[in-house]
file my_file_37.cif (mmCIF, C-alpha atoms and all ligand atoms)
data_run
#
loop_
_atom_site.label_atom_id
_atom_site.label_comp_id
_atom_site.auth_asym_id
_atom_site.auth_seq_id
_atom_site.Cartn_x
_atom_site.Cartn_y
_atom_site.Cartn_z
CA MET B 1 13.83 -4.31 -0.20
CA SER B 2 13.15 -0.67 -0.86
CA ASP B 3 15.34 0.31 -3.77
CA CYS B 4 13.28 2.89 -5.58
CA LEU B 5 11.13 5.80 -4.43
CA ILE B 6 7.86 6.31 -6.33
CA LEU B 7 6.67 9.86 -6.83
CA ASN B 8 3.26 10.96 -7.93
CA THR B 9 2.80 13.28 -10.90
CA ASP B 10 3.05 16.21 -8.47
CA GLY B 11 6.59 15.24 -7.48
CA SER B 12 5.79 14.16 -3.94
CA PRO B 13 5.95 10.56 -2.76
CA VAL B 14 2.81 8.56 -3.53
CA SER B 15 2.72 7.87 0.20
CA HIS B 16 4.64 8.84 3.33
CA LEU B 17 2.85 6.35 5.55
CA PRO B 18 4.49 4.08 4.78
CA LEU B 19 6.95 5.66 2.36
CA SER B 20 6.15 4.56 -1.21
CA VAL B 21 9.17 2.49 -2.08
CA ILE B 22 9.48 -0.59 -4.24
CA ASN B 23 12.16 -3.15 -4.96
CA TRP B 24 14.34 -2.98 -8.06
CA GLN B 25 12.38 -5.60 -9.98
CA GLU B 26 9.15 -3.62 -9.60
CA ALA B 27 10.95 -0.39 -10.47
CA ILE B 28 12.17 -1.89 -13.73
CA LYS B 29 8.67 -3.15 -14.47
CA TYR B 30 7.29 0.40 -14.20
CA MET B 31 10.04 1.57 -16.53
CA VAL B 32 9.53 -1.20 -19.10
CA LEU B 33 5.75 -0.74 -19.09
CA ASP B 34 6.35 2.99 -19.64
CA LYS B 35 4.28 3.90 -16.58
CA ALA B 36 6.90 6.12 -15.02
CA VAL B 37 9.78 8.45 -15.82
CA VAL B 38 13.11 7.73 -14.17
CA LEU B 39 14.47 10.77 -12.29
CA ALA B 40 17.53 9.17 -10.72
CA TRP B 41 19.51 5.97 -11.10
CA HIS B 42 21.56 3.94 -8.69
CA ASP B 43 25.21 4.50 -9.57
CA LYS B 44 27.13 1.41 -10.51
CA TRP B 45 24.17 -0.90 -10.13
CA ILE B 46 23.34 -2.58 -13.39
CA VAL B 47 21.14 -5.62 -13.75
CA HIS B 48 21.37 -7.99 -16.65
CA SER B 49 18.97 -10.34 -18.34
CA ALA B 50 19.72 -12.57 -21.31
CA ASN B 51 19.24 -9.84 -23.89
CA TRP B 52 19.61 -6.49 -22.20
CA GLU B 53 20.96 -4.63 -19.25
CA THR B 54 19.83 -1.57 -17.38
CA PRO B 55 20.87 0.53 -14.44
CA VAL B 56 18.45 0.35 -11.51
CA PRO B 57 16.11 3.33 -11.02
CA ALA B 58 16.42 5.08 -7.64
CA VAL B 59 13.56 7.56 -8.13
CA ILE B 60 10.67 7.24 -10.56
CA MET B 61 7.73 9.53 -11.22
CA LEU B 62 4.40 8.11 -12.30
CA LYS B 63 2.92 9.27 -15.57
CA GLU B 64 -0.62 9.00 -14.27
CA TYR B 65 -1.73 10.51 -10.99
CA MET B 66 -2.35 7.95 -8.27
CA LYS B 67 -5.01 8.99 -5.79
CA LYS B 68 -3.58 9.29 -2.31
CA LYS B 69 -5.00 7.24 0.51
CA THR B 70 -5.64 9.58 3.37
CA SER B 71 -7.44 7.29 5.75
CA ILE B 72 -5.62 6.23 8.88
CA ARG B 73 -5.92 2.77 10.30
CA PHE B 74 -5.40 2.08 13.94
CA SER B 75 -1.99 0.58 14.62
CA LYS B 76 0.46 0.63 17.47
CA GLN B 77 3.01 2.37 15.23
CA ASN B 78 0.51 5.11 14.39
CA VAL B 79 -0.23 5.70 18.08
CA PHE B 80 3.52 5.99 18.77
CA LEU B 81 3.86 8.36 15.84
CA ARG B 82 0.94 10.52 17.01
CA ASP B 83 2.56 10.79 20.44
CA GLY B 84 5.97 11.50 18.91
CA PHE B 85 7.54 8.51 20.69
CA VAL B 86 7.12 10.32 24.01
CA CYS B 87 5.68 8.58 27.06
CA GLN B 88 2.34 10.25 27.71
CA TYR B 89 2.67 9.79 31.46
CA CYS B 90 6.20 10.96 32.29
CA ASN B 91 7.14 12.76 29.03
CA VAL B 92 10.33 10.77 28.57
CA ASP B 93 11.47 9.93 25.04
CA VAL B 94 11.12 6.29 24.11
CA ASN B 95 12.20 4.54 20.95
CA LYS B 96 10.86 1.85 18.66
CA ARG B 97 12.14 -0.88 20.95
CA THR B 98 11.11 0.55 24.32
CA ALA B 99 7.73 2.08 23.44
CA THR B 100 4.70 0.22 24.73
CA LEU B 101 1.03 0.67 23.95
CA ASP B 102 -0.93 1.58 27.05
CA HIS B 103 -4.71 1.42 27.40
CA VAL B 104 -5.89 4.53 29.31
CA LEU B 105 -8.97 2.67 30.46
CA PRO B 106 -7.51 -0.83 30.94
CA THR B 107 -8.91 -3.61 28.81
CA SER B 108 -9.81 -5.38 32.07
CA HIS B 109 -12.24 -2.47 32.67
CA GLY B 110 -13.67 -2.65 29.17
CA GLY B 111 -11.19 -0.24 27.57
CA LYS B 112 -11.03 -0.50 23.80
CA THR B 113 -8.00 -0.65 21.54
CA THR B 114 -8.67 2.61 19.71
CA PHE B 115 -6.82 5.86 19.09
CA GLU B 116 -9.00 7.50 21.75
CA ASN B 117 -8.05 4.99 24.45
CA THR B 118 -4.40 4.20 23.81
CA VAL B 119 -1.18 6.11 24.28
CA CYS B 120 2.52 5.61 23.93
CA ALA B 121 4.10 4.75 27.29
CA CYS B 122 7.53 3.81 28.56
CA THR B 123 7.82 0.34 30.08
CA SER B 124 8.08 1.62 33.65
CA CYS B 125 4.97 3.83 33.42
CA ASN B 126 3.09 1.03 31.72
CA SER B 127 3.89 -1.45 34.46
CA ARG B 128 3.38 1.13 37.23
CA LYS B 129 -0.04 1.92 35.82
CA GLY B 130 -1.05 -1.70 35.41
CA ASN B 131 -4.80 -1.93 35.86
CA ASP B 132 -5.12 1.40 37.63
CA LYS B 133 -7.68 3.38 35.69
CA LYS B 134 -7.18 6.51 37.82
CA ILE B 135 -3.76 7.34 36.36
CA LYS B 136 -4.38 9.52 33.32
CA PRO B 137 -2.04 10.59 30.51
CA LYS B 138 -0.99 14.24 30.31
CA ARG B 139 -3.06 14.80 27.16
CA ALA B 140 -6.28 13.08 26.21
CA PRO B 141 -5.58 10.81 23.23
CA HIS B 142 -7.33 11.60 19.94
CA LYS B 143 -7.70 10.10 16.52
CA PRO B 144 -5.01 11.76 14.38
CA SER B 145 -5.55 12.98 10.85
CA TYR B 146 -3.50 11.60 7.99
CA TYR B 147 -1.65 14.90 7.56
CA GLU B 148 -0.87 15.16 11.25
CA LEU B 149 0.78 11.76 11.15
CA VAL B 150 2.67 12.59 7.96
CA GLU B 151 4.08 15.71 9.61
CA ARG B 152 5.12 13.61 12.60
CA ARG B 153 6.65 10.98 10.34
CA LYS B 154 8.70 13.57 8.47
CA LYS B 155 10.44 14.51 11.73
CA ILE B 156 11.88 11.03 12.03
CA PRO B 157 14.70 10.28 9.56
CA PHE B 158 13.74 8.04 6.67
CA GLU B 159 16.13 5.34 5.62
CA MET B 160 17.48 6.71 2.35
CA ARG B 161 18.63 4.29 -0.30
CA HIS B 162 19.78 7.09 -2.58
CA PRO B 163 20.90 10.68 -1.81
CA ASP B 164 18.33 12.15 -4.23
CA TRP B 165 15.50 10.83 -2.09
CA ALA B 166 16.13 13.69 0.30
CA MET B 167 14.92 16.16 -2.34
CA TYR B 168 11.49 14.58 -2.58
CA ILE B 169 10.60 13.31 0.86
ZN ZN O 201 6.85 7.00 31.30
#

call {"tool": "encode", "arguments": {"input": "my_file_37.cif", "output": "structure tokens"}}
result
Amino acid sequence: MSDCLILNTDGSPVSHLPLSVINWQEAIKYMVLDKAVVLAWHDKWIVHSANWETPVPAVIMLKEYMKKKTSIRFSKQNVFLRDGFVCQYCNVDVNKRTATLDHVLPTSHGGKTTFENTVCACTSCNSRKGNDKKIKPKRAPHKPSYYELVERRKKIPFEMRHPDWAMYI
């Protein structure tokens, strides 16, 4: 469950990839340990323990700067994000459910599963291509930078658990 957004000391999320969110128990832990300032609360959501009660934080800001991770690991999701969920063969929009990972040089021909050899493809292009290594994507795939992927990610709506999240993401 992602109940609370964690911001760094600079007011931006600790991470966009994935979005730095934690569940309510963790959010309360940060608050109790005095490691973060609460910037917004969930309305009408109060949790109780034997001796005390508290509303649940919706946005917290760390008191100490957390170094951002800016390295990108290869993943299917990151390839889809780099390609903007657009089939790299026919330019049609795909979505999370219909996107497939296609190896430009097929694995049967020694193609590797890397950013440089994989693209987002729709199911029909992927099956049409099959093991044909002569069919090439419209753009040569590249390894994306962290910031490139963050910019891409920001174009896709985030699931907001609280209206104030929109101010920080
Ligand atoms: Zn296609």

call {"tool": "residues_around", "arguments": {"input": "my_file_37.cif", "residues": "region 146-162 of chain B", "least_positions_apart": "4", "cutoff": "9 Å", "atoms": "all atoms listed in the file", "output": "MDAnalysis selection string"}}
result
chainID B and resid 2:5 16:17 19 40:42 58:59 69:72 78 81:84 166 169

call {"tool": "atom_distance", "arguments": {"input": "my_file_37.cif", "atom1": "CA of Gly111 (chain B)", "atom2": "CA of Tyr89 (chain B)"}}
result
17.5 Å

call {"tool": "atom_distance", "arguments": {"input": "my_file_37.cif", "atom1": "CA of Gln25 (chain B)", "atom2": "CA of Met61 (chain B)"}}
result
15.9 Å

call {"tool": "residues_near_point", "arguments": {"input": "my_file_37.cif", "point": "(1.6, 6.7, -2.8)", "cutoff": "12 Å", "atoms": "only C-alpha atoms", "output": "PyMOL selection string"}}
result
chain B and resi 5-22+60-62+64-70+169

call {"tool": "atom_distance", "arguments": {"input": "my_file_37.cif", "atom1": "CA of Pro141 (chain B)", "atom2": "CA of Cys90 (chain B)"}}
result
14.9 Å

call {"tool": "closest_residue", "arguments": {"input": "my_file_37.cif", "among": "B:Lys138, B:Lys133, B:Lys96, B:Arg73", "to": "ligand ZN 201 (chain O)", "atoms": "all atoms listed in the file"}}
result
B:Lys138

call {"tool": "closest_residue", "arguments": {"input": "my_file_37.cif", "among": "B:Gln88, B:Asn23, B:Ser145, B:Gln77", "to": "Val56 (chain B)", "atoms": "all atoms listed in the file"}}
result
B:Asn23

call {"tool": "residues_near_ligand", "arguments": {"input": "my_file_37.cif", "ligand": "ligand ZN 201 (chain O)", "cutoff": "7 Å", "atoms": "only C-alpha atoms and all ligand atoms", "output": "VMD selection string"}}
result
chain B and resid 87 to 92 121 to 125

call {"tool": "closest_residue", "arguments": {"input": "my_file_37.cif", "among": "B:Thr113, B:Ala50, B:Asn131, B:Arg139", "to": "Val86 (chain B)", "atoms": "only C-alpha atoms"}}
result
B:Arg139

call {"tool": "closest_residue", "arguments": {"input": "my_file_37.cif", "among": "B:Thr100, B:Ser75, B:Thr107, B:Ser127", "to": "Lys143 (chain B)", "atoms": "only C-alpha atoms"}}
result
B:Ser75

call {"tool": "closest_residue", "arguments": {"input": "my_file_37.cif", "among": "B:Leu105, B:Leu39, B:Ile135, B:Val79", "to": "Val119 (chain B)", "atoms": "all atoms listed in the file"}}
result
B:Val79

call {"tool": "closest_residue", "arguments": {"input": "my_file_37.cif", "among": "B:Tyr30, B:Trp52, B:Trp24, B:Phe74", "to": "Glu116 (chain B)", "atoms": "only C-alpha atoms"}}
result
B:Phe74

call {"tool": "residues_around", "arguments": {"input": "my_file_37.cif", "residues": "Asp34 (chain B)", "least_positions_apart": "5", "cutoff": "10 Å", "atoms": "only C-alpha atoms", "output": "PyMOL selection string"}}
result
chain B and resi 28-29+62-63

call {"tool": "build_atoms", "arguments": {"input": "my_file_37.cif", "residues": "region 130-146 of chain B", "atoms": "N, CA, C and O atoms", "output": "short mmCIF file (atom, residue, chain, number, x, y, z; two decimals), in the frame of the given file"}}
result
data_model
loop_
_atom_site.label_atom_id
_atom_site.label_comp_id
_atom_site.auth_asym_id
_atom_site.auth_seq_id
_atom_site.Cartn_x
_atom_site.Cartn_y
_atom_site.Cartn_z
N GLY B 130 -0.36 -0.42 35.33
CA GLY B 130 -1.05 -1.70 35.41
C GLY B 130 -2.53 -1.57 35.13
O GLY B 130 -2.92 -1.04 34.09
N ASN B 131 -3.35 -2.00 36.06
CA ASN B 131 -4.80 -1.93 35.86
C ASN B 131 -5.44 -0.73 36.54
O ASN B 131 -6.65 -0.66 36.69
N ASP B 132 -4.59 0.23 36.95
CA ASP B 132 -5.12 1.40 37.63
C ASP B 132 -5.74 2.36 36.62
O ASP B 132 -5.04 2.96 35.81
N LYS B 133 -7.03 2.51 36.68
CA LYS B 133 -7.68 3.38 35.69
C LYS B 133 -7.66 4.84 36.12
O LYS B 133 -8.09 5.72 35.39
N LYS B 134 -7.17 5.12 37.34
CA LYS B 134 -7.18 6.51 37.82
C LYS B 134 -5.99 7.32 37.29
O LYS B 134 -6.04 8.53 37.23
N ILE B 135 -4.92 6.62 36.90
CA ILE B 135 -3.76 7.34 36.36
C ILE B 135 -4.07 7.73 34.91
O ILE B 135 -4.38 6.88 34.08
N LYS B 136 -4.01 9.02 34.65
CA LYS B 136 -4.38 9.52 33.32
C LYS B 136 -3.16 10.09 32.59
O LYS B 136 -2.27 10.66 33.21
N PRO B 137 -3.14 9.98 31.26
CA PRO B 137 -2.04 10.59 30.51
C PRO B 137 -2.14 12.12 30.55
O PRO B 137 -3.20 12.67 30.86
N LYS B 138 -1.03 12.78 30.23
CA LYS B 138 -0.99 14.24 30.31
C LYS B 138 -1.95 14.91 29.32
O LYS B 138 -2.45 15.99 29.57
N ARG B 139 -2.13 14.26 28.16
CA ARG B 139 -3.06 14.80 27.16
C ARG B 139 -4.06 13.70 26.82
O ARG B 139 -3.67 12.53 26.74
N ALA B 140 -5.29 14.09 26.59
CA ALA B 140 -6.28 13.08 26.21
C ALA B 140 -5.97 12.61 24.79
O ALA B 140 -5.75 13.43 23.89
N PRO B 141 -5.90 11.30 24.58
CA PRO B 141 -5.58 10.81 23.23
C PRO B 141 -6.71 11.09 22.24
O PRO B 141 -7.88 11.13 22.60
N HIS B 142 -6.33 11.31 20.99
CA HIS B 142 -7.33 11.60 19.94
C HIS B 142 -7.00 10.80 18.69
O HIS B 142 -5.88 10.30 18.55
N LYS B 143 -7.96 10.74 17.80
CA LYS B 143 -7.70 10.10 16.52
C LYS B 143 -6.97 11.10 15.63
O LYS B 143 -7.49 12.19 15.36
N PRO B 144 -5.76 10.79 15.18
CA PRO B 144 -5.01 11.76 14.38
C PRO B 144 -5.49 11.80 12.93
O PRO B 144 -6.06 10.83 12.44
N SER B 145 -5.25 12.92 12.29
CA SER B 145 -5.55 12.98 10.85
C SER B 145 -4.34 12.43 10.10
O SER B 145 -3.24 12.33 10.64
N TYR B 146 -4.58 12.11 8.84
CA TYR B 146 -3.50 11.60 7.99
C TYR B 146 -2.35 12.60 7.94
O TYR B 146 -1.19 12.25 8.11
#
